[in-house]
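Peer 1: Data: start.txt, compact mmCIF, C-alpha atoms.
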```
# COMPACT_ATOMS: atom_id res chain seq x y z
CA LYS A 1 -31.52 38.90 -101.57
CA GLN A 2 -31.42 35.11 -101.79
CA GLU A 3 -30.30 33.66 -98.47
CA VAL A 4 -29.99 30.27 -96.80
CA THR A 5 -30.25 29.97 -93.04
CA GLN A 6 -29.39 27.02 -90.83
CA ILE A 7 -30.49 26.86 -87.21
CA PRO A 8 -29.13 25.87 -84.75
CA ALA A 9 -25.49 26.66 -85.38
CA ALA A 10 -24.46 23.77 -83.14
CA LEU A 11 -26.14 20.66 -81.76
CA SER A 12 -24.99 18.00 -79.30
CA VAL A 13 -26.77 14.67 -78.91
CA PRO A 14 -26.03 11.28 -77.33
CA GLU A 15 -25.31 8.32 -79.57
CA GLY A 16 -28.38 6.53 -80.89
CA GLU A 17 -30.65 9.55 -80.97
CA ASN A 18 -32.61 10.47 -84.09
CA LEU A 19 -32.17 14.13 -85.04
CA VAL A 20 -33.28 16.76 -87.52
CA LEU A 21 -31.20 19.55 -89.01
CA ASN A 22 -33.04 22.54 -90.41
CA CYS A 23 -32.47 24.69 -93.47
CA SER A 24 -34.63 27.63 -94.53
CA PHE A 25 -34.35 29.72 -97.66
CA THR A 26 -35.82 32.86 -99.14
CA ASP A 27 -37.71 32.54 -102.43
CA SER A 28 -39.73 29.32 -102.67
CA ALA A 29 -39.06 28.96 -106.42
CA ILE A 30 -35.81 27.03 -106.06
CA TYR A 31 -34.26 24.73 -108.68
CA ASN A 32 -32.63 22.18 -106.38
CA LEU A 33 -31.02 21.80 -102.96
CA GLN A 34 -27.98 19.84 -101.85
CA TRP A 35 -26.87 18.73 -98.39
CA PHE A 36 -23.17 18.36 -97.62
CA ARG A 37 -21.03 17.17 -94.76
CA GLN A 38 -17.73 18.84 -93.86
CA ASP A 39 -15.19 17.34 -91.47
CA PRO A 40 -12.66 19.68 -89.81
CA GLY A 41 -9.97 20.80 -92.23
CA LYS A 42 -11.55 18.90 -95.10
CA GLY A 43 -13.60 19.65 -98.18
CA LEU A 44 -17.31 19.05 -98.60
CA THR A 45 -18.82 15.61 -99.12
CA SER A 46 -22.12 15.49 -100.98
CA LEU A 47 -24.86 13.70 -99.05
CA LEU A 48 -28.09 14.22 -100.97
CA LEU A 49 -29.35 16.25 -103.91
CA ILE A 50 -33.08 16.96 -103.97
CA GLN A 51 -34.74 18.45 -107.04
CA SER A 52 -37.51 21.04 -106.78
CA SER A 53 -40.04 18.49 -108.05
CA GLN A 54 -39.16 16.02 -105.28
CA ARG A 55 -40.42 15.89 -101.71
CA GLU A 56 -37.63 13.78 -100.26
CA GLN A 57 -34.48 11.77 -100.90
CA THR A 58 -33.01 8.97 -98.84
CA SER A 59 -29.53 7.51 -98.49
CA GLY A 60 -28.91 4.98 -95.74
CA ARG A 61 -29.67 6.59 -92.38
CA LEU A 62 -30.15 10.00 -94.00
CA ASN A 63 -33.40 11.44 -95.28
CA ALA A 64 -33.75 14.92 -96.75
CA SER A 65 -37.15 16.51 -97.23
CA LEU A 66 -38.12 19.60 -99.16
CA ASP A 67 -41.11 21.87 -98.59
CA LYS A 68 -40.84 24.68 -101.11
CA SER A 69 -44.04 26.41 -100.03
CA SER A 70 -42.65 27.03 -96.57
CA GLY A 71 -39.08 27.56 -97.78
CA ARG A 72 -37.65 24.72 -95.73
CA SER A 73 -35.64 21.56 -95.97
CA THR A 74 -34.75 19.14 -93.21
CA LEU A 75 -32.04 16.51 -92.95
CA TYR A 76 -33.08 13.62 -90.75
CA ILE A 77 -30.34 11.41 -89.31
CA ALA A 78 -31.49 8.14 -87.78
CA ALA A 79 -29.67 6.36 -84.97
CA SER A 80 -26.84 8.86 -84.77
CA GLN A 81 -23.25 7.65 -84.29
CA PRO A 82 -20.07 9.42 -83.12
CA GLY A 83 -18.83 9.18 -86.71
CA ASP A 84 -21.68 11.48 -87.74
CA SER A 85 -19.99 14.34 -85.89
CA ALA A 86 -19.27 17.02 -88.49
CA THR A 87 -20.62 20.27 -89.89
CA TYR A 88 -23.65 19.84 -92.12
CA LEU A 89 -24.18 22.43 -94.84
CA CYS A 90 -27.31 23.13 -96.83
CA ALA A 91 -26.93 24.73 -100.27
CA VAL A 92 -29.65 25.99 -102.59
CA ARG A 93 -29.60 26.57 -106.33
CA PHE A 94 -32.29 29.22 -106.72
CA GLN A 95 -32.30 29.26 -110.52
CA ALA A 96 -31.06 26.95 -113.26
CA GLY A 97 -27.57 27.85 -114.42
CA THR A 98 -26.57 29.55 -111.19
CA ALA A 99 -24.26 28.55 -108.37
CA LEU A 100 -25.24 26.99 -105.08
CA ILE A 101 -25.81 29.42 -102.20
CA PHE A 102 -24.76 28.03 -98.84
CA GLY A 103 -25.96 28.36 -95.28
CA LYS A 104 -23.43 28.70 -92.48
CA GLY A 105 -23.92 25.11 -91.38
CA THR A 106 -24.89 23.21 -88.27
CA THR A 107 -22.03 21.62 -86.31
CA LEU A 108 -23.18 18.29 -84.92
CA SER A 109 -21.49 16.49 -82.05
CA VAL A 110 -22.58 12.93 -81.22
CA SER A 111 -21.23 11.62 -77.92
CA SER A 112 -20.72 7.94 -77.14
CA GLY B 4 -8.78 11.16 -111.26
CA ALA B 5 -11.59 9.93 -109.08
CA GLY B 6 -12.37 13.26 -107.45
CA VAL B 7 -11.74 16.97 -107.62
CA SER B 8 -8.09 17.71 -106.89
CA GLN B 9 -6.79 21.03 -105.60
CA SER B 10 -3.21 22.18 -105.16
CA PRO B 11 -1.47 23.28 -103.12
CA ARG B 12 -3.32 22.12 -100.01
CA TYR B 13 -1.70 24.87 -97.97
CA LYS B 14 -0.17 28.15 -99.05
CA VAL B 15 1.46 30.83 -96.94
CA ALA B 16 1.97 34.11 -98.73
CA LYS B 17 3.51 37.35 -97.61
CA ARG B 18 1.23 40.35 -97.95
CA GLY B 19 1.58 41.79 -101.43
CA GLN B 20 2.64 38.51 -103.02
CA ASP B 21 0.72 36.98 -105.94
CA VAL B 22 -0.64 33.43 -105.59
CA ALA B 23 -2.12 30.87 -107.99
CA LEU B 24 -4.43 28.09 -106.86
CA ARG B 25 -5.11 25.10 -109.09
CA CYS B 26 -8.20 22.95 -109.50
CA ASP B 27 -8.42 19.69 -111.45
CA PRO B 28 -12.10 18.80 -111.87
CA ILE B 29 -13.55 15.34 -112.30
CA SER B 30 -12.92 14.20 -115.86
CA GLY B 31 -15.79 15.08 -118.15
CA HIS B 32 -17.38 17.58 -115.80
CA VAL B 33 -18.50 20.62 -117.72
CA SER B 34 -19.14 23.00 -114.85
CA LEU B 35 -16.60 24.32 -112.36
CA PHE B 36 -17.16 26.57 -109.37
CA TRP B 37 -14.84 28.44 -107.01
CA TYR B 38 -15.85 29.29 -103.44
CA GLN B 39 -14.17 31.07 -100.55
CA GLN B 40 -14.76 29.81 -97.01
CA ALA B 41 -13.82 31.86 -93.97
CA LEU B 42 -13.39 30.12 -90.62
CA GLY B 43 -16.73 29.11 -89.16
CA GLN B 44 -18.68 30.27 -92.19
CA GLY B 45 -20.34 28.59 -95.14
CA PRO B 46 -18.67 28.74 -98.55
CA GLU B 47 -19.20 32.00 -100.45
CA PHE B 48 -19.50 31.87 -104.24
CA LEU B 49 -16.70 33.44 -106.26
CA THR B 50 -17.04 32.41 -109.90
CA TYR B 51 -18.50 29.77 -112.26
CA PHE B 52 -17.32 28.25 -115.55
CA GLN B 53 -19.10 26.15 -118.10
CA ASN B 54 -16.38 24.58 -120.20
CA GLU B 55 -13.95 27.44 -120.86
CA ALA B 56 -16.57 30.18 -120.59
CA GLN B 57 -16.73 32.15 -117.36
CA LEU B 58 -20.48 32.58 -116.97
CA ASP B 59 -20.57 34.36 -113.62
CA LYS B 60 -17.83 36.20 -111.78
CA SER B 61 -20.08 38.30 -109.61
CA GLY B 62 -18.66 36.85 -106.39
CA LEU B 63 -15.05 37.88 -106.97
CA PRO B 64 -14.39 40.38 -104.15
CA SER B 65 -12.08 42.70 -106.06
CA ASP B 66 -10.16 43.08 -109.30
CA ARG B 67 -7.20 41.44 -107.58
CA PHE B 68 -8.99 38.14 -108.06
CA PHE B 69 -8.88 36.47 -111.45
CA ALA B 70 -9.91 32.98 -112.59
CA GLU B 71 -9.41 31.13 -115.84
CA ARG B 72 -10.14 27.76 -117.42
CA PRO B 73 -8.56 28.08 -120.85
CA GLU B 74 -9.14 24.55 -122.15
CA GLY B 75 -12.33 23.78 -120.26
CA SER B 76 -10.62 21.44 -117.82
CA VAL B 77 -8.08 22.65 -115.22
CA SER B 78 -8.84 26.00 -113.63
CA THR B 79 -6.59 28.48 -111.87
CA LEU B 80 -7.66 31.12 -109.36
CA LYS B 81 -5.12 33.91 -109.14
CA ILE B 82 -4.96 36.49 -106.40
CA GLN B 83 -2.71 39.48 -106.95
CA ARG B 84 -1.15 41.59 -104.20
CA THR B 85 -2.57 39.41 -101.45
CA GLN B 86 -3.93 41.03 -98.31
CA GLN B 87 -4.62 39.58 -94.87
CA GLU B 88 -8.36 39.51 -95.49
CA ASP B 89 -7.74 37.07 -98.34
CA SER B 90 -6.81 34.41 -95.78
CA ALA B 91 -9.41 31.66 -96.16
CA VAL B 92 -9.97 28.21 -97.59
CA TYR B 93 -10.57 28.27 -101.34
CA LEU B 94 -12.81 25.44 -102.52
CA CYS B 95 -13.33 24.19 -106.03
CA ALA B 96 -16.31 22.12 -107.16
CA SER B 97 -17.24 20.47 -110.42
CA SER B 98 -20.43 18.96 -111.80
CA ARG B 99 -21.42 17.06 -114.91
CA GLY B 100 -23.84 19.80 -115.86
CA GLY B 101 -24.59 23.23 -114.51
CA ASN B 102 -27.47 22.06 -112.35
CA THR B 103 -26.41 18.58 -111.33
CA GLU B 104 -24.77 17.28 -108.16
CA ALA B 105 -21.65 19.23 -107.24
CA PHE B 106 -18.50 17.54 -105.96
CA PHE B 107 -15.92 19.46 -103.99
CA GLY B 108 -12.17 19.22 -103.64
CA GLN B 109 -10.27 19.30 -100.34
CA GLY B 110 -9.61 23.00 -100.67
CA THR B 111 -6.53 25.20 -100.47
CA ARG B 112 -5.94 26.95 -97.17
CA LEU B 113 -4.36 30.33 -97.89
CA THR B 114 -2.73 32.25 -95.06
CA VAL B 115 -1.48 35.76 -95.76
CA VAL B 116 1.10 37.01 -93.25
```
Could you write out this structure as C-alpha cells?
Peer 2:
Amino acid sequence: KQEVTQIPAALSVPEGENLVLNCSFTDSAIYNLQWFRQDPGKGLTSLLLIQSSQREQTSGRLNASLDKSSGRSTLYIAASQPGDSATYLCAVRFQAGTALIFGKGTTLSVSS
Amino acid sequence: GAGVSQSPRYKVAKRGQDVALRCDPISGHVSLFWYQQALGQGPEFLTYFQNEAQLDKSGLPSDRFFAERPEGSVSTLKIQRTQQEDSAVYLCASSRGGNTEAFFGQGTRLTVV
C-alpha cells in the first residue's frame, strides 16, 4: 500500500531557529511531491512542488529536497517566525494521472 | 475567480438528510479532486475528474457518495442519507493538468447531528 508518513506530529521551536520537517513515503518510484501549509480552519496553501527528476526546490525561506532512493523529502524553514505556525502537509503523487496521497502533517508552533 | 471556491463553507445536516457540496475550480483547470479531511488527519482522496470524465472514484467510502462534473467545470459532491461518520471537512482541489501543482479551496465543514 502506498503511504506517506510525517514525523514528528508536532514541533515547537523558538523564533529564529532553522528547522526541518520530514516526510517519508513507500515506493521510491514517485512522480512528484507537493508540500502544503494549512492554517486552522482553512484550506491548503501550496508551498512547493518538486518533480521526481529534481533534487530540490526553493521559495523564499523554504527549501524542499527530495531523495527518492531513500523515500524521503524534507522541508527546511530558515529563520522561523511566529507566522510560520501552521500544519505542514506532505503529499505524494506516486504515478502519473493519479491523485496526491497525503501524510497526516506536522503541526509547527513558533514562539516569539 | 482567482482561486478554488467552495460552498457552503459550513453545513449542518440532520442524520438521514441529503447534502450537496459545490466546487468552482480555477478557470481553465482540467483536473479536479475531492478529498475528505477528518479532524487532526491529512486529507483522504475521494474522487478525481479530468474535464467531465470521472477517472477515479476509488476513494468514495460508500454508494451514498456521488460526485459529478457535467460540463467539465463546476463539480458537486452529493452525500445521501448522511450519517454522523460523514462529519468532516470536504476539500476540493484543481490543477491545470493531472500531474501539475494542485490548488485547494477553503473546504466545506459538514457536521451531521
Peer 1: If we count all atoms listed in the file, which residues of chain B reach to within 8 Å of chain A? Please list them as a count of residues only.
Peer 2: 18
Peer 1: Can you tell me, as a PDB file with C-alpha atoms, keeping the file's coordinate frame, what residues are no more than 9 Å from Gly71 in chain A when counting all atoms listed in the file, ignoring any on the same chain fewer than 5 positions away?
Peer 2:
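This went into part_13.pdb:
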```pdb
ATOM      1  CA  CYS A  23     -32.470  24.690 -93.470  1.00  0.00           C
ATOM      2  CA  SER A  24     -34.630  27.630 -94.530  1.00  0.00           C
ATOM      3  CA  PHE A  25     -34.350  29.720 -97.660  1.00  0.00           C
ATOM      4  CA  THR A  26     -35.820  32.860 -99.140  1.00  0.00           C
ATOM      5  CA  ASP A  27     -37.710  32.540-102.430  1.00  0.00           C
ATOM      6  CA  SER A  28     -39.730  29.320-102.670  1.00  0.00           C
ATOM      7  CA  ALA A  29     -39.060  28.960-106.420  1.00  0.00           C
ATOM      8  CA  ILE A  30     -35.810  27.030-106.060  1.00  0.00           C
ATOM      9  CA  LEU A  66     -38.120  19.600 -99.160  1.00  0.00           C
TER      10      LEU A  66
END
```
Peer 1: From the set B:Ser8, B:Gln39, B:Thr111, B:Thr50, which residue has the shortest atom-to-atom contact distance to Asp89 in chain B, counting only C-alpha atoms?
Peer 2: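 Result for the nearest residue to Asp89 in chain B: B:Gln39.
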Peer 1: Might you pull out every residue within 8 Å of range 16-22 of chain A, with all atoms listed in the file counted and same-chain residues fewer than 3 positions away left off, and present them as a PyMOL selection string?
Peer 2: chain A and resi 6-8+13+72-81+106
Peer 1: Which residue, B:Leu49, B:Leu113, B:Ala23, B:Val15, has the smallest gap to Gln83 in chain B when you use all atoms listed in the file?
Peer 2: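 Result for the nearest residue to Gln83 in chain B: B:Ala23.
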